[in-house]
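Participant: Sharing a structure here in structure tokens format.
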Amino acid sequence: MRKSYRVKKESEFQKVFETHNSVANRQFIVYTLDKPDQVHFRVGISVGKKIGNAVHRNWVKRRIRQAILELKPDLRQDVDFIVIARPVTDKMPMKDVKSGLIHVFKLAKLLDSNYDGGEKH
């Protein structure tokens, strides 16, 4: 993901946290901040030390980034959001990471509630 799509600075993270707009499921917590004049969404990813060493944390972040990249066309564009991974994500396959993110994004109203991932049932 390009740098323009990332929340990087500590002060930007704090602005999102201070809104107290959060939703969670068993795998992720998502904080959101509406920015009506923004061209595209920005995302920050936080993976704590409870997940494991740096190798495991970076592995989890790569999976989260990839899932967000696949969901990019369907995500709201006028928002900054922070994704916090819970320890259970360390053992999850990619398919479950993506489905967990889809679930929490629907709760946060970042994805349309009718979104099905383009899968045929």
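Residue numbers start at 1 in each chain; chains themselves are named A, B, ... in the order of the structure tokens; ligands are numbered from 1 in the order shown.
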Near Arg26 of chain A, within 10 Å and counting only C-alpha atoms, which residues show up once chain neighbours fewer than 6 positions away are dropped, as a ChimeraX atom specification?
Facilitator: /A:85-89,100,104
Participant: What's around Val23 of chain A at 6 Å? Count only C-alpha atoms, leave out sequence neighbours fewer than 5 positions away in its own chain, and write the answer as a PyMOL selection string.
Facilitator: chain A and resi 29-30+108
Participant: Using only C-alpha atoms, determine which residues lie at most 12 Å from Glu12 of chain A, disregarding the query and same-chain residues fewer than 6 positions distant; provide the list as JSON, numbers by chain.
Facilitator: {"A": [6, 18, 19, 32, 33, 42, 43, 44, 80, 81, 82]}
Participant: What gap, in Å, lies between atom CA of Asp112 of chain A and atom CA of Asn21 of chain A?
Facilitator: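 That distance, rounded to one decimal, is 17.6 Å.
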Participant: Identify, on the basis of only C-alpha atoms, every residue whose closest approach to segment 75-79 of chain A does not exceed 9 Å; exclude the query and any residue fewer than 6 positions from it along the same chain; express the result as a count of residues only.
Facilitator: 18
Participant: Could you give me, as a list in words, each residue of chain A that DSSP assigns to strand (DSSP E) when run on this structure's backbone?
Facilitator: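 Listing strand (DSSP E) positions across chain A yields Ser22, Val23, Ala24, Phe28, Ile29, Val30, Tyr31, Thr32, Leu33, Asp34, Arg42, Val43, Gly44, Ile45, Ser46, Val47, Val79, Asp80, Phe81, Ile82, Val83, Ile84 and Ala85 of chain A.
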Participant: State, in Å with one decimal place, the distance from atom CA of Pro73 of chain A to atom CA of Ser22 of chain A.
Facilitator: 22.0 Å
Participant: Name the residues in contact with Ala67 of chain A at a cut-off of 10 Å, using only C-alpha atoms, excluding same-chain residues fewer than 2 positions from it; report them as a list in words.
Facilitator: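 Using only C-alpha atoms, the neighbours found are Lys61, Arg62, Arg63, Ile64, Arg65, Leu69, Glu70, Leu71, Lys72, Met94, Lys95, Val97, Lys98, Ser99, Gly100, Leu101 and Ile102 of chain A.
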Participant: According to DSSP computed on the backbone, where in segment 56-112 of chain A is there alpha helix (DSSP H)? Give the residues as a PyMOL selection string.
Facilitator: chain A and resi 56-71+94-107
Participant: Could you take the residues named above and write them with N, CA and C atoms, as an mmCIF file, in the first residue's frame?
Facilitator:
```cif
data_model
loop_
_atom_site.group_PDB
_atom_site.id
_atom_site.type_symbol
_atom_site.label_atom_id
_atom_site.label_comp_id
_atom_site.auth_asym_id
_atom_site.auth_seq_id
_atom_site.Cartn_x
_atom_site.Cartn_y
_atom_site.Cartn_z
ATOM 1 N N HIS A 56 6.948 -12.483 13.861
ATOM 2 C CA HIS A 56 5.519 -12.807 13.880
ATOM 3 C C HIS A 56 4.660 -11.559 13.707
ATOM 4 N N ARG A 57 5.043 -10.466 14.362
ATOM 5 C CA ARG A 57 4.257 -9.231 14.255
ATOM 6 C C ARG A 57 4.253 -8.716 12.819
ATOM 7 N N ASN A 58 5.394 -8.732 12.167
ATOM 8 C CA ASN A 58 5.457 -8.273 10.774
ATOM 9 C C ASN A 58 4.676 -9.197 9.849
ATOM 10 N N TRP A 59 4.696 -10.481 10.137
ATOM 11 C CA TRP A 59 3.941 -11.464 9.341
ATOM 12 C C TRP A 59 2.444 -11.162 9.435
ATOM 13 N N VAL A 60 1.966 -10.884 10.649
ATOM 14 C CA VAL A 60 0.551 -10.552 10.847
ATOM 15 C C VAL A 60 0.218 -9.247 10.128
ATOM 16 N N LYS A 61 1.095 -8.244 10.228
ATOM 17 C CA LYS A 61 0.847 -6.960 9.547
ATOM 18 C C LYS A 61 0.772 -7.126 8.031
ATOM 19 N N ARG A 62 1.642 -7.953 7.472
ATOM 20 C CA ARG A 62 1.598 -8.196 6.019
ATOM 21 C C ARG A 62 0.276 -8.813 5.611
ATOM 22 N N ARG A 63 -0.229 -9.748 6.397
ATOM 23 C CA ARG A 63 -1.514 -10.389 6.085
ATOM 24 C C ARG A 63 -2.662 -9.387 6.176
ATOM 25 N N ILE A 64 -2.639 -8.530 7.188
ATOM 26 C CA ILE A 64 -3.685 -7.516 7.340
ATOM 27 C C ILE A 64 -3.638 -6.557 6.157
ATOM 28 N N ARG A 65 -2.427 -6.099 5.797
ATOM 29 C CA ARG A 65 -2.274 -5.187 4.655
ATOM 30 C C ARG A 65 -2.797 -5.801 3.368
ATOM 31 N N GLN A 66 -2.494 -7.077 3.149
ATOM 32 C CA GLN A 66 -2.945 -7.756 1.934
ATOM 33 C C GLN A 66 -4.468 -7.850 1.901
ATOM 34 N N ALA A 67 -5.076 -8.185 3.034
ATOM 35 C CA ALA A 67 -6.544 -8.274 3.091
ATOM 36 C C ALA A 67 -7.167 -6.910 2.809
ATOM 37 N N ILE A 68 -6.599 -5.850 3.374
ATOM 38 C CA ILE A 68 -7.127 -4.496 3.138
ATOM 39 C C ILE A 68 -6.956 -4.119 1.671
ATOM 40 N N LEU A 69 -5.820 -4.498 1.085
ATOM 41 C CA LEU A 69 -5.591 -4.216 -0.334
ATOM 42 C C LEU A 69 -6.646 -4.887 -1.205
ATOM 43 N N GLU A 70 -7.027 -6.119 -0.863
ATOM 44 C CA GLU A 70 -8.059 -6.824 -1.617
ATOM 45 C C GLU A 70 -9.438 -6.197 -1.421
ATOM 46 N N LEU A 71 -9.663 -5.576 -0.264
ATOM 47 C CA LEU A 71 -10.955 -4.943 0.033
ATOM 48 C C LEU A 71 -11.001 -3.471 -0.379
ATOM 49 N N MET A 94 -4.689 -17.000 6.205
ATOM 50 C CA MET A 94 -5.039 -15.763 5.502
ATOM 51 C C MET A 94 -6.544 -15.634 5.273
ATOM 52 N N LYS A 95 -7.187 -16.717 4.924
ATOM 53 C CA LYS A 95 -8.634 -16.698 4.667
ATOM 54 C C LYS A 95 -9.392 -16.202 5.901
ATOM 55 N N ASP A 96 -8.986 -16.657 7.080
ATOM 56 C CA ASP A 96 -9.647 -16.254 8.315
ATOM 57 C C ASP A 96 -9.325 -14.809 8.697
ATOM 58 N N VAL A 97 -8.100 -14.366 8.396
ATOM 59 C CA VAL A 97 -7.747 -12.965 8.643
ATOM 60 C C VAL A 97 -8.662 -12.064 7.825
ATOM 61 N N LYS A 98 -8.826 -12.397 6.543
ATOM 62 C CA LYS A 98 -9.673 -11.579 5.674
ATOM 63 C C LYS A 98 -11.130 -11.611 6.127
ATOM 64 N N SER A 99 -11.649 -12.781 6.478
ATOM 65 C CA SER A 99 -13.048 -12.845 6.897
ATOM 66 C C SER A 99 -13.255 -12.119 8.226
ATOM 67 N N GLY A 100 -12.280 -12.167 9.126
ATOM 68 C CA GLY A 100 -12.362 -11.423 10.378
ATOM 69 C C GLY A 100 -12.374 -9.924 10.136
ATOM 70 N N LEU A 101 -11.538 -9.463 9.197
ATOM 71 C CA LEU A 101 -11.514 -8.038 8.852
ATOM 72 C C LEU A 101 -12.822 -7.614 8.194
ATOM 73 N N ILE A 102 -13.359 -8.444 7.308
ATOM 74 C CA ILE A 102 -14.638 -8.123 6.667
ATOM 75 C C ILE A 102 -15.717 -7.960 7.736
ATOM 76 N N HIS A 103 -15.742 -8.867 8.694
ATOM 77 C CA HIS A 103 -16.750 -8.806 9.756
ATOM 78 C C HIS A 103 -16.636 -7.509 10.561
ATOM 79 N N VAL A 104 -15.420 -7.183 11.000
ATOM 80 C CA VAL A 104 -15.247 -5.987 11.833
ATOM 81 C C VAL A 104 -15.441 -4.706 11.010
ATOM 82 N N PHE A 105 -15.089 -4.725 9.718
ATOM 83 C CA PHE A 105 -15.319 -3.554 8.865
ATOM 84 C C PHE A 105 -16.809 -3.309 8.653
ATOM 85 N N LYS A 106 -17.588 -4.385 8.554
ATOM 86 C CA LYS A 106 -19.047 -4.225 8.451
ATOM 87 C C LYS A 106 -19.602 -3.613 9.730
ATOM 88 N N LEU A 107 -19.108 -4.070 10.876
ATOM 89 C CA LEU A 107 -19.552 -3.509 12.156
ATOM 90 C C LEU A 107 -19.207 -2.024 12.253
#
```
Participant: Using only C-alpha atoms, can you tell me which of A:Asn25, A:Ser4, A:Asn53, A:Ser46 comes closest to Val83 of chain A?
Facilitator: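 Of A:Asn25, A:Ser4, A:Asn53, A:Ser46, the one nearest Val83 of chain A is A:Ser46, counting only C-alpha atoms.
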